[in-house]
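Asker: data_38.txt is the file, holding compact mmCIF, C-alpha atoms and all ligand atoms:
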# COMPACT_ATOMS: atom_id res chain seq x y z
CA GLN B 1466 204.47 22.71 94.38
CA VAL B 1467 205.97 22.54 97.87
CA ASP B 1468 204.32 25.13 100.11
CA ALA B 1469 206.28 24.36 103.27
CA PRO B 1470 209.75 25.75 104.07
CA VAL B 1471 212.51 23.53 102.73
CA ALA B 1472 216.15 22.94 103.54
CA VAL B 1473 218.26 23.13 100.38
CA LEU B 1474 221.37 20.97 100.34
CA ALA B 1475 223.90 21.43 97.55
CA ILE B 1476 227.14 19.56 96.92
CA CYS B 1477 230.10 20.99 94.98
CA GLY B 1478 233.74 20.09 94.57
CA ALA B 1479 236.33 18.46 92.36
CA HIS B 1480 235.07 16.60 89.34
CA ARG B 1481 235.00 12.79 89.49
CA SER B 1482 235.34 12.78 93.27
CA GLY B 1483 232.21 10.83 94.28
CA LYS B 1484 229.79 13.75 94.85
CA SER B 1485 226.75 12.15 93.23
CA PHE B 1486 227.47 8.81 94.90
CA ILE B 1487 227.58 10.29 98.41
CA LEU B 1488 224.43 12.37 97.89
CA ASN B 1489 222.60 9.21 96.80
CA ARG B 1490 223.86 7.16 99.75
CA LEU B 1491 222.96 9.92 102.20
CA PHE B 1492 219.43 10.57 100.99
CA LEU B 1493 218.27 8.54 98.02
CA GLY B 1494 219.56 5.00 98.45
CA LYS B 1495 221.21 3.06 95.63
CA LYS B 1496 219.21 4.83 92.91
CA GLY B 1497 219.48 8.58 92.49
CA PHE B 1498 221.65 11.04 90.60
CA PRO B 1499 223.71 9.38 87.84
CA VAL B 1500 227.15 8.13 88.98
CA GLY B 1501 229.79 7.60 86.27
CA SER B 1502 232.70 5.17 86.32
CA GLY B 1503 234.75 6.63 83.43
CA VAL B 1504 237.11 9.59 83.30
CA SER B 1505 234.71 12.02 81.59
CA THR B 1506 232.47 14.36 83.57
CA CYS B 1507 229.22 12.69 84.58
CA THR B 1508 227.07 15.43 86.14
CA LYS B 1509 226.67 18.47 83.86
CA GLY B 1510 225.48 21.83 85.13
CA MET B 1511 223.15 21.71 88.11
CA TRP B 1512 220.53 19.06 88.85
CA ILE B 1513 217.74 19.37 91.39
CA TRP B 1514 216.10 16.12 92.55
CA ASN B 1515 212.47 16.15 91.41
CA LYS B 1516 211.01 15.37 94.84
CA THR B 1517 211.70 16.74 98.26
CA VAL B 1518 213.26 14.12 100.51
CA ILE B 1519 211.92 13.87 104.05
CA VAL B 1520 214.58 12.83 106.54
CA LYS B 1521 213.88 12.16 110.22
CA ASP B 1522 216.52 12.58 112.89
CA ALA B 1523 216.92 10.34 115.97
CA ASN B 1524 214.15 12.31 117.79
CA GLY B 1525 211.73 11.83 114.90
CA THR B 1526 211.92 15.48 113.77
CA ALA B 1527 211.38 15.57 110.03
CA THR B 1528 213.14 17.94 107.62
CA LYS B 1529 212.20 18.37 103.96
CA PHE B 1530 215.23 18.59 101.72
CA VAL B 1531 215.67 19.85 98.19
CA LEU B 1532 218.83 18.17 96.87
CA ILE B 1533 221.17 19.82 94.37
CA ASP B 1534 223.94 17.96 92.59
CA THR B 1535 226.45 19.91 90.53
CA GLU B 1536 229.07 19.53 87.85
CA GLY B 1537 232.55 19.00 89.29
CA PHE B 1538 235.22 21.69 89.31
CA GLY B 1539 238.37 21.51 87.24
CA SER B 1540 236.90 19.46 84.45
CA PRO B 1541 239.03 19.47 81.27
CA GLU B 1542 235.75 19.91 79.37
CA GLU B 1543 233.59 23.05 79.64
CA ASN B 1544 234.20 25.01 82.81
CA HIS B 1545 231.56 26.94 84.78
CA ASP B 1546 233.16 26.48 88.19
CA SER B 1547 232.68 29.91 89.74
CA SER B 1548 229.14 30.44 88.40
CA LEU B 1549 228.11 27.03 89.68
CA LEU B 1550 229.74 27.53 93.05
CA THR B 1551 228.15 30.99 93.42
CA LEU B 1552 224.69 29.74 92.48
CA ALA B 1553 224.96 26.67 94.74
CA LEU B 1554 226.13 28.81 97.67
CA LEU B 1555 223.33 31.33 97.27
CA LEU B 1556 220.57 28.77 96.76
CA SER B 1557 221.48 26.37 99.54
CA SER B 1558 220.91 26.43 103.27
CA TYR B 1559 223.39 23.57 103.71
CA PHE B 1560 226.48 23.37 101.54
CA VAL B 1561 228.72 20.33 101.17
CA TYR B 1562 232.20 20.88 99.73
CA ASN B 1563 233.78 17.65 98.55
CA SER B 1564 237.53 17.11 98.09
CA VAL B 1565 239.87 14.13 97.97
CA GLY B 1566 242.60 13.68 100.60
CA ALA B 1567 244.13 16.45 102.70
CA ILE B 1568 243.05 20.14 102.67
CA ASP B 1569 245.67 22.02 100.67
CA GLU B 1570 246.35 25.58 99.58
CA ILE B 1571 245.19 24.93 96.00
CA THR B 1572 241.79 23.76 97.19
CA LEU B 1573 241.45 26.69 99.60
CA ARG B 1574 242.13 29.08 96.71
CA GLN B 1575 238.94 27.78 95.09
CA PHE B 1576 237.20 30.04 97.58
CA SER B 1577 239.06 33.22 96.65
CA PHE B 1578 236.11 34.30 94.50
CA VAL B 1579 233.78 34.15 97.54
CA SER B 1580 235.06 37.59 98.54
CA ASP B 1581 233.95 38.83 95.07
CA VAL B 1582 230.51 37.32 95.69
CA LEU B 1583 230.38 39.18 99.00
CA ASP B 1584 231.16 42.46 97.23
CA LEU B 1585 228.48 41.68 94.67
CA ILE B 1586 225.87 40.99 97.34
CA ALA B 1587 226.83 44.16 99.18
CA SER B 1588 226.55 46.19 95.97
CA GLN B 1589 223.06 44.73 95.32
CA LYS B 1590 222.11 45.78 98.84
CA ILE B 1591 220.40 42.47 99.59
CA GLY B 1592 220.72 43.21 103.29
CA HIS B 1593 219.81 46.41 105.16
CA ASP B 1594 222.20 49.24 104.26
CA GLY B 1595 224.27 46.87 102.14
CA GLU B 1596 225.06 44.73 105.14
CA ILE B 1597 225.22 41.03 104.39
CA PRO B 1598 222.61 39.15 106.39
CA PHE B 1599 224.04 36.20 108.31
CA ASN B 1600 221.81 33.62 106.68
CA VAL B 1601 222.69 34.52 103.09
CA PHE B 1602 225.43 31.94 103.35
CA PRO B 1603 224.63 28.34 104.17
CA SER B 1604 225.93 26.06 106.91
CA PHE B 1605 229.10 24.57 105.52
CA ILE B 1606 230.59 21.12 105.70
CA TRP B 1607 233.90 20.13 104.16
CA LEU B 1608 233.87 16.48 103.18
CA LEU B 1609 237.27 14.80 102.88
CA ARG B 1610 237.11 11.66 100.74
CA ASP B 1611 239.52 8.73 100.74
CA PHE B 1612 241.04 10.23 103.86
CA SER B 1613 243.66 7.90 105.32
CA LEU B 1614 245.92 10.26 107.28
CA GLU B 1615 246.09 10.18 111.05
CA LEU B 1616 244.39 13.23 112.56
CA VAL B 1617 247.16 14.28 114.96
CA SER B 1618 248.81 17.67 115.39
CA SER B 1619 252.57 18.32 115.31
CA ASP B 1620 252.75 17.86 119.13
CA GLY B 1621 251.14 14.43 118.78
CA SER B 1622 247.72 15.30 120.21
CA ARG B 1623 244.63 13.98 118.43
CA MET B 1624 242.29 16.35 116.65
CA SER B 1625 238.82 16.03 115.16
CA ALA B 1626 238.23 16.62 111.43
CA SER B 1627 236.63 19.99 112.29
CA GLU B 1628 239.71 20.98 114.31
CA TYR B 1629 241.80 19.98 111.30
CA LEU B 1630 239.74 22.38 109.14
CA GLU B 1631 240.35 25.20 111.64
CA TYR B 1632 244.06 24.37 111.62
CA ALA B 1633 244.10 24.50 107.79
CA LEU B 1634 242.29 27.86 107.93
CA SER B 1635 244.57 29.44 110.53
CA ALA B 1636 247.03 31.81 108.88
CA SER B 1637 250.73 31.25 109.52
CA ALA B 1638 252.79 34.01 111.16
CA ASP B 1639 254.73 34.95 108.00
CA GLU B 1640 251.58 35.77 106.02
CA GLY B 1641 250.79 39.47 105.85
CA PRO B 1642 247.18 40.50 106.60
CA GLN B 1643 246.74 41.62 102.96
CA SER B 1644 248.07 38.42 101.36
CA VAL B 1645 245.77 36.35 99.12
CA LYS B 1646 245.96 33.51 101.62
CA SER B 1647 244.89 35.71 104.53
CA THR B 1648 242.03 37.22 102.52
CA ILE B 1649 240.69 33.79 101.59
CA ARG B 1650 240.90 32.61 105.17
CA LYS B 1651 239.23 35.75 106.53
CA THR B 1652 236.42 35.61 103.96
CA PHE B 1653 235.97 31.92 104.61
CA SER B 1654 235.65 32.49 108.32
CA GLU B 1655 233.23 35.38 107.87
CA CYS B 1656 230.95 33.66 105.34
CA PHE B 1657 230.83 30.20 106.80
CA ARG B 1658 230.41 30.84 110.48
CA GLU B 1659 228.71 27.46 110.94
CA ARG B 1660 231.29 25.04 109.59
CA ASP B 1661 232.26 21.42 110.11
CA CYS B 1662 234.52 18.89 108.51
CA VAL B 1663 234.04 15.15 108.16
CA ALA B 1664 236.62 12.67 106.88
CA LEU B 1665 235.53 9.49 105.12
CA VAL B 1666 237.73 6.51 104.38
CA ARG B 1667 237.60 4.69 101.03
CA PRO B 1668 234.20 3.00 100.82
CA VAL B 1669 235.69 -0.31 99.61
CA VAL B 1670 239.21 -1.63 99.12
CA ASP B 1671 238.68 -3.50 95.85
CA GLU B 1672 239.57 -1.27 92.84
CA LYS B 1673 236.93 -2.80 90.56
CA LYS B 1674 234.18 -2.23 93.13
CA LEU B 1675 235.48 1.31 93.70
CA GLN B 1676 234.79 2.09 90.04
CA HIS B 1677 231.20 0.83 90.31
CA LEU B 1678 230.20 1.91 93.80
CA ALA B 1679 226.67 2.76 92.72
CA GLU B 1680 226.00 -0.99 92.37
CA VAL B 1681 227.68 -2.02 95.63
CA GLU B 1682 225.33 -3.19 98.40
CA GLU B 1683 225.53 -1.37 101.76
CA ASP B 1684 226.70 -4.62 103.42
CA ASP B 1685 229.74 -4.70 101.12
CA LEU B 1686 230.89 -1.18 102.07
CA ARG B 1687 233.63 -0.97 104.71
CA PRO B 1688 232.07 -0.83 108.20
CA GLN B 1689 234.16 2.26 109.04
CA PHE B 1690 232.77 4.04 105.97
CA VAL B 1691 229.19 3.08 106.91
CA ASP B 1692 229.75 4.43 110.46
CA GLU B 1693 231.25 7.67 109.12
CA LEU B 1694 228.33 8.03 106.71
CA SER B 1695 225.86 7.72 109.61
CA GLU B 1696 227.83 10.33 111.55
CA LEU B 1697 227.72 12.64 108.51
CA ARG B 1698 223.96 12.17 108.15
CA ARG B 1699 223.49 12.93 111.85
CA MET B 1700 225.62 16.06 111.56
CA ILE B 1701 223.69 17.33 108.51
CA LEU B 1702 220.34 16.79 110.21
CA GLY B 1703 221.61 18.55 113.33
CA ARG B 1704 222.58 21.65 111.36
CA ALA B 1705 220.09 21.68 108.47
CA ARG B 1706 217.63 24.54 108.59
CA ALA B 1707 215.01 25.79 106.19
CA LYS B 1708 216.23 28.24 103.56
CA GLN B 1709 215.56 31.83 104.57
CA ILE B 1710 216.10 35.11 102.80
CA ASN B 1711 215.77 38.29 104.85
CA GLU B 1712 214.06 36.40 107.71
CA MET B 1713 211.48 34.87 105.33
CA PHE B 1714 211.25 31.11 104.80
CA VAL B 1715 211.45 30.06 101.19
CA SER B 1716 209.05 27.48 99.72
CA GLY B 1717 209.50 25.35 96.60
CA SER B 1718 208.33 28.05 94.20
CA GLY B 1719 210.42 30.58 96.14
CA ILE B 1720 213.54 28.51 95.40
CA LEU B 1721 212.70 28.64 91.69
CA SER B 1722 212.21 32.43 91.76
CA LEU B 1723 215.51 32.79 93.61
CA ALA B 1724 217.28 30.56 91.07
CA ASN B 1725 215.86 32.71 88.25
CA SER B 1726 216.93 36.01 89.75
CA PHE B 1727 220.40 34.75 90.73
CA LEU B 1728 220.86 33.40 87.20
CA GLN B 1729 219.91 36.75 85.72
CA SER B 1730 222.37 38.54 88.04
CA LEU B 1731 225.12 36.05 87.17
CA SER B 1732 224.47 36.46 83.46
N1 LIG C 1801 238.05 6.24 95.53
C1 LIG C 1801 236.77 6.57 95.65
N2 LIG C 1801 235.96 6.49 94.60
C2 LIG C 1801 234.68 6.87 94.75
C3 LIG C 1801 234.15 7.32 95.98
N3 LIG C 1801 232.83 7.60 95.80
C4 LIG C 1801 232.55 7.33 94.52
N4 LIG C 1801 233.64 6.87 93.87
C5 LIG C 1801 233.79 6.44 92.47
O1 LIG C 1801 234.16 7.61 91.77
C6 LIG C 1801 233.58 7.61 90.47
C7 LIG C 1801 232.80 8.89 90.26
O2 LIG C 1801 231.69 8.94 91.14
P1 LIG C 1801 230.57 10.10 90.97
O3 LIG C 1801 229.67 10.02 92.15
O4 LIG C 1801 229.97 10.05 89.61
O5 LIG C 1801 231.53 11.37 91.09
P2 LIG C 1801 231.15 12.90 90.83
O6 LIG C 1801 232.03 13.72 91.71
O7 LIG C 1801 229.68 13.10 90.97
O8 LIG C 1801 231.61 13.08 89.31
P3 LIG C 1801 231.20 14.31 88.30
O9 LIG C 1801 229.71 14.43 88.35
O10 LIG C 1801 231.70 13.86 86.97
O11 LIG C 1801 231.92 15.51 88.80
C8 LIG C 1801 232.74 6.33 90.38
O12 LIG C 1801 233.51 5.36 89.72
C9 LIG C 1801 232.51 5.94 91.82
O13 LIG C 1801 232.36 4.52 91.96
C10 LIG C 1801 235.03 7.40 97.11
O14 LIG C 1801 234.67 7.78 98.23
N5 LIG C 1801 236.33 7.00 96.88
MG MG C 1802 228.29 13.78 89.69
Please express what this file holds, its structure, as structure tokens.
Ligand SMILES: Nc1nc2c(ncn2[C@@H]2O[C@H](COP(=O)(O)OP(=O)(O)OP(=O)(O)O)[C@@H](O)[C@H]2O)c(=O)[nH]1
Ligand SMILES: [Mg+2]
Answerer:
Amino acid sequence: QVDAPVAVLAICGAHRSGKSFILNRLFLGKKGFPVGSGVSTCTKGMWIWNKTVIVKDANGTATKFVLIDTEGFGSPEENHDSSLLTLALLLSSYFVYNSVGAIDEITLRQFSFVSDVLDLIASQKIGHDGEIPFNVFPSFIWLLRDFSLELVSSDGSRMSASEYLEYALSASADEGPQSVKSTIRKTFSECFRERDCVALVRPVVDEKKLQHLAEVEEDDLRPQFVDELSELRRMILGRARAKQINEMFVSGSGILSLANSFLQSLS
């Protein structure tokens, strides 16, 4: 029913890593997508919040968001990781990738299939002459959770979280240009030209509260976490743009049609 252009924000990443919790705290308050405290997968498949959420930035500019929460990757239960990641990437205009701790090679390999998605898009000739339009892929933010390492390089100089992401993406000298690692890094750089990284500390210290964060009041969260959350919100609003396909803005019903056609292609 939404006629206006909408920004579509999707979150993906490891299962049981606080994806639903962070989406709620960013946009929906204490109530929102279900957050689970046990070991079994909480979010199944893909959930779209049933209202658009209007968020105003510091200048009062309002953006309408459609929020998408997804099932976590690497669940010991059913596994639809690459289909979910593909669908979330194609539907969103802003993509949040959630992982716990440092960026490592195993997590980066999660993106190796993105090059296959690129080939698929090229073969479907979504862009002119099979060229992939820039805005097919969303703005990207890598969210590091429970991050407690010092952000300093080997020569001791400080770096931002985004510089850390670039460092993790830079290929080392002994990697050949055709190696899997190099391909992932190249594809990553080509697809996500607008990319950032934000590190968040543990929201609380107490283990019991950590298991039931959905019930924890904002005042009981660590001040550093609250500050980092505000910075994250500011960053998202600064980068969020309405979803476009081939220069056309997509409305609410357009998102549904897109979801349908992507699902058919994936099937
Ligand atoms: N250590 C830690 N725990 C968190 C954090 N955020 C949420 N949690 C806890 O992690 C558990 C899972 O939170 P969810 O938001 O349901 O995680 P999820 O990634 O959506 O889980 P799935 O939907 O099952 O993939 C809950 O017990 C939360 O209280 C965090 O930043 N750090
Ligand atoms: Mg969840």
Asker: Residues up to 8 Å from ligand LIG 1801 (chain C), counting only C-alpha atoms and all ligand atoms: could you list those as a ChimeraX atom specification?
Answerer: /B:1478-1487,1499-1509,1534-1538,1540,1610-1611,1665-1669,1674-1679
Asker: What is the atom CA of Ile1701 of chain B to atom CA of Val1467 of chain B distance in Å?
Answerer: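 These two atoms are separated by 21.3 Å.
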Asker: Here is a test: counting only C-alpha atoms, which residue of B:Tyr1632, B:Phe1498, B:Lys1529, B:Phe1612 is nearest to Asp1468 of chain B?
Answerer: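 Under the stated criterion, the closest residue is B:Lys1529.
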Asker: My list of candidates is B:Ala1469, B:Val1561, B:Leu1731, B:Leu1573. Which is closest to Val1645 of chain B when distances are computed with only C-alpha atoms?
Answerer: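 Ranked by minimum distance to Val1645 of chain B, first place goes to B:Leu1573.
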Asker: My list of candidates is B:Ser1558, B:Lys1673, B:Lys1646, B:Ala1664. Which is closest to Leu1614 of chain B when distances are computed with all atoms listed in the file?
Answerer: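 Of all the options, B:Ala1664 lies closest to Leu1614 of chain B.
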Asker: Between B:Cys1656, B:Leu1491, B:Ile1533, B:Leu1474, which one has atoms that come closest to ligand MG 1802 (chain C), using all atoms listed in the file?
Answerer: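 Of B:Cys1656, B:Leu1491, B:Ile1533, B:Leu1474, the one nearest ligand MG 1802 (chain C), counting all atoms listed in the file, is B:Ile1533.
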Asker: Determine, counting all atoms listed in the file, which protein, DNA and RNA residues have an atom within 9 Å of an atom of Thr1528 of chain B; residues of the same chain fewer than 6 positions away are not included. Present the result as a PyMOL selection string.
Answerer: chain B and resi 1471-1472+1518-1522+1702+1705-1707
Asker: So which one's closest to ligand MG 1802 (chain C), B:Asn1515, B:Asn1563, B:Ser1547, B:Ser1718? Using all atoms listed in the file, please.
Answerer: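 For ligand MG 1802 (chain C), the nearest of the given residues is B:Asn1563.
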Asker: Do a neighbour search on Val1663 of chain B at 12 Å with only C-alpha atoms, toss out local chain neighbours closer than 3 positions, and write the hits as a PyMOL selection string.
Answerer: chain B and resi 1561-1568+1605-1612+1616+1624-1630+1660+1666+1690+1692-1701
Asker: Dump C-alpha atoms for the selected residues as a PDB file, in the frame of the given file?
Answerer:
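The resulting file, result_36.pdb, is reproduced below:
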ATOM      1  CA  VAL B1561     228.720  20.330 101.170  1.00  0.00           C
ATOM      2  CA  TYR B1562     232.200  20.880  99.730  1.00  0.00           C
ATOM      3  CA  ASN B1563     233.780  17.650  98.550  1.00  0.00           C
ATOM      4  CA  SER B1564     237.530  17.110  98.090  1.00  0.00           C
ATOM      5  CA  VAL B1565     239.870  14.130  97.970  1.00  0.00           C
ATOM      6  CA  GLY B1566     242.600  13.680 100.600  1.00  0.00           C
ATOM      7  CA  ALA B1567     244.130  16.450 102.700  1.00  0.00           C
ATOM      8  CA  ILE B1568     243.050  20.140 102.670  1.00  0.00           C
ATOM      9  CA  PHE B1605     229.100  24.570 105.520  1.00  0.00           C
ATOM     10  CA  ILE B1606     230.590  21.120 105.700  1.00  0.00           C
ATOM     11  CA  TRP B1607     233.900  20.130 104.160  1.00  0.00           C
ATOM     12  CA  LEU B1608     233.870  16.480 103.180  1.00  0.00           C
ATOM     13  CA  LEU B1609     237.270  14.800 102.880  1.00  0.00           C
ATOM     14  CA  ARG B1610     237.110  11.660 100.740  1.00  0.00           C
ATOM     15  CA  ASP B1611     239.520   8.730 100.740  1.00  0.00           C
ATOM     16  CA  PHE B1612     241.040  10.230 103.860  1.00  0.00           C
ATOM     17  CA  LEU B1616     244.390  13.230 112.560  1.00  0.00           C
ATOM     18  CA  MET B1624     242.290  16.350 116.650  1.00  0.00           C
ATOM     19  CA  SER B1625     238.820  16.030 115.160  1.00  0.00           C
ATOM     20  CA  ALA B1626     238.230  16.620 111.430  1.00  0.00           C
ATOM     21  CA  SER B1627     236.630  19.990 112.290  1.00  0.00           C
ATOM     22  CA  GLU B1628     239.710  20.980 114.310  1.00  0.00           C
ATOM     23  CA  TYR B1629     241.800  19.980 111.300  1.00  0.00           C
ATOM     24  CA  LEU B1630     239.740  22.380 109.140  1.00  0.00           C
ATOM     25  CA  ARG B1660     231.290  25.040 109.590  1.00  0.00           C
ATOM     26  CA  VAL B1666     237.730   6.510 104.380  1.00  0.00           C
ATOM     27  CA  PHE B1690     232.770   4.040 105.970  1.00  0.00           C
ATOM     28  CA  ASP B1692     229.750   4.430 110.460  1.00  0.00           C
ATOM     29  CA  GLU B1693     231.250   7.670 109.120  1.00  0.00           C
ATOM     30  CA  LEU B1694     228.330   8.030 106.710  1.00  0.00           C
ATOM     31  CA  SER B1695     225.860   7.720 109.610  1.00  0.00           C
ATOM     32  CA  GLU B1696     227.830  10.330 111.550  1.00  0.00           C
ATOM     33  CA  LEU B1697     227.720  12.640 108.510  1.00  0.00           C
ATOM     34  CA  ARG B1698     223.960  12.170 108.150  1.00  0.00           C
ATOM     35  CA  ARG B1699     223.490  12.930 111.850  1.00  0.00           C
ATOM     36  CA  MET B1700     225.620  16.060 111.560  1.00  0.00           C
ATOM     37  CA  ILE B1701     223.690  17.330 108.510  1.00  0.00           C
TER      38      ILE B1701
END
Asker: State, in Å with one decimal place, the distance from atom CA of Cys1477 of chain B to atom CA of Leu1550 of chain B.
Answerer: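 Atom CA of Cys1477 of chain B sits 6.8 Å away from atom CA of Leu1550 of chain B.
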Asker: Determine the nearest neighbour of Gln1709 of chain B from the options B:Ala1475, B:Arg1687, B:Asn1544, B:Val1601, counting all atoms listed in the file.
Answerer: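 Comparing B:Ala1475, B:Arg1687, B:Asn1544, B:Val1601 against Gln1709 of chain B, the winner is B:Val1601.
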Asker: Quick one, how far is atom CA of Val1531 of chain B from atom CA of Leu1488 of chain B?
Answerer: 11.5 Å
Asker: Output segment 1519-1543 of chain B as a tab-separated table (two decimals), in the coordinates of the input, making sure N, CA and C atoms are there.
Answerer:
chain	number	residue	atom	x	y	z
B	1519	ILE	N	212.19	13.63	102.62
B	1519	ILE	CA	211.92	13.87	104.05
B	1519	ILE	C	212.84	12.98	104.87
B	1520	VAL	N	213.64	13.61	105.72
B	1520	VAL	CA	214.58	12.83	106.54
B	1520	VAL	C	214.27	13.10	108.01
B	1521	LYS	N	214.16	12.01	108.78
B	1521	LYS	CA	213.88	12.16	110.22
B	1521	LYS	C	215.16	11.96	111.01
B	1522	ASP	N	215.36	12.79	112.03
B	1522	ASP	CA	216.52	12.58	112.89
B	1522	ASP	C	216.17	11.58	114.00
B	1523	ALA	N	217.12	11.36	114.93
B	1523	ALA	CA	216.92	10.34	115.97
B	1523	ALA	C	215.69	10.65	116.83
B	1524	ASN	N	215.32	11.94	116.96
B	1524	ASN	CA	214.15	12.31	117.79
B	1524	ASN	C	212.85	12.28	116.99
B	1525	GLY	N	212.93	11.90	115.72
B	1525	GLY	CA	211.73	11.83	114.90
B	1525	GLY	C	211.37	13.16	114.24
B	1526	THR	N	212.21	14.19	114.41
B	1526	THR	CA	211.92	15.48	113.77
B	1526	THR	C	212.23	15.38	112.27
B	1527	ALA	N	211.22	15.73	111.48
B	1527	ALA	CA	211.38	15.57	110.03
B	1527	ALA	C	211.83	16.88	109.36
B	1528	THR	N	212.72	16.78	108.41
B	1528	THR	CA	213.14	17.94	107.62
B	1528	THR	C	212.95	17.61	106.15
B	1529	LYS	N	212.37	18.55	105.41
B	1529	LYS	CA	212.20	18.37	103.96
B	1529	LYS	C	213.40	18.95	103.24
B	1530	PHE	N	214.04	18.14	102.44
B	1530	PHE	CA	215.23	18.59	101.72
B	1530	PHE	C	214.98	18.70	100.23
B	1531	VAL	N	215.50	19.77	99.64
B	1531	VAL	CA	215.67	19.85	98.19
B	1531	VAL	C	217.14	19.54	97.96
B	1532	LEU	N	217.43	18.58	97.09
B	1532	LEU	CA	218.83	18.17	96.87
B	1532	LEU	C	219.36	18.70	95.55
B	1533	ILE	N	220.55	19.29	95.60
B	1533	ILE	CA	221.17	19.82	94.37
B	1533	ILE	C	222.52	19.16	94.15
B	1534	ASP	N	222.66	18.55	92.98
B	1534	ASP	CA	223.94	17.96	92.59
B	1534	ASP	C	224.54	18.86	91.51
B	1535	THR	N	225.85	18.99	91.50
B	1535	THR	CA	226.45	19.91	90.53
B	1535	THR	C	227.61	19.28	89.77
B	1536	GLU	N	227.91	19.93	88.66
B	1536	GLU	CA	229.07	19.53	87.85
B	1536	GLU	C	230.35	19.77	88.65
B	1537	GLY	N	231.31	18.87	88.50
B	1537	GLY	CA	232.55	19.00	89.29
B	1537	GLY	C	233.44	20.13	88.78
B	1538	PHE	N	234.27	20.63	89.68
B	1538	PHE	CA	235.22	21.69	89.31
B	1538	PHE	C	236.46	21.10	88.66
B	1539	GLY	N	237.09	21.91	87.82
B	1539	GLY	CA	238.37	21.51	87.24
B	1539	GLY	C	238.25	20.49	86.13
B	1540	SER	N	237.07	20.40	85.54
B	1540	SER	CA	236.90	19.46	84.45
B	1540	SER	C	237.68	19.95	83.22
B	1541	PRO	N	238.34	19.03	82.48
B	1541	PRO	CA	239.03	19.47	81.27
B	1541	PRO	C	238.04	19.88	80.18
B	1542	GLU	N	236.76	19.52	80.36
B	1542	GLU	CA	235.75	19.91	79.37
B	1542	GLU	C	235.32	21.36	79.66
B	1543	GLU	N	234.07	21.69	79.37
B	1543	GLU	CA	233.59	23.05	79.64
B	1543	GLU	C	233.77	23.39	81.12
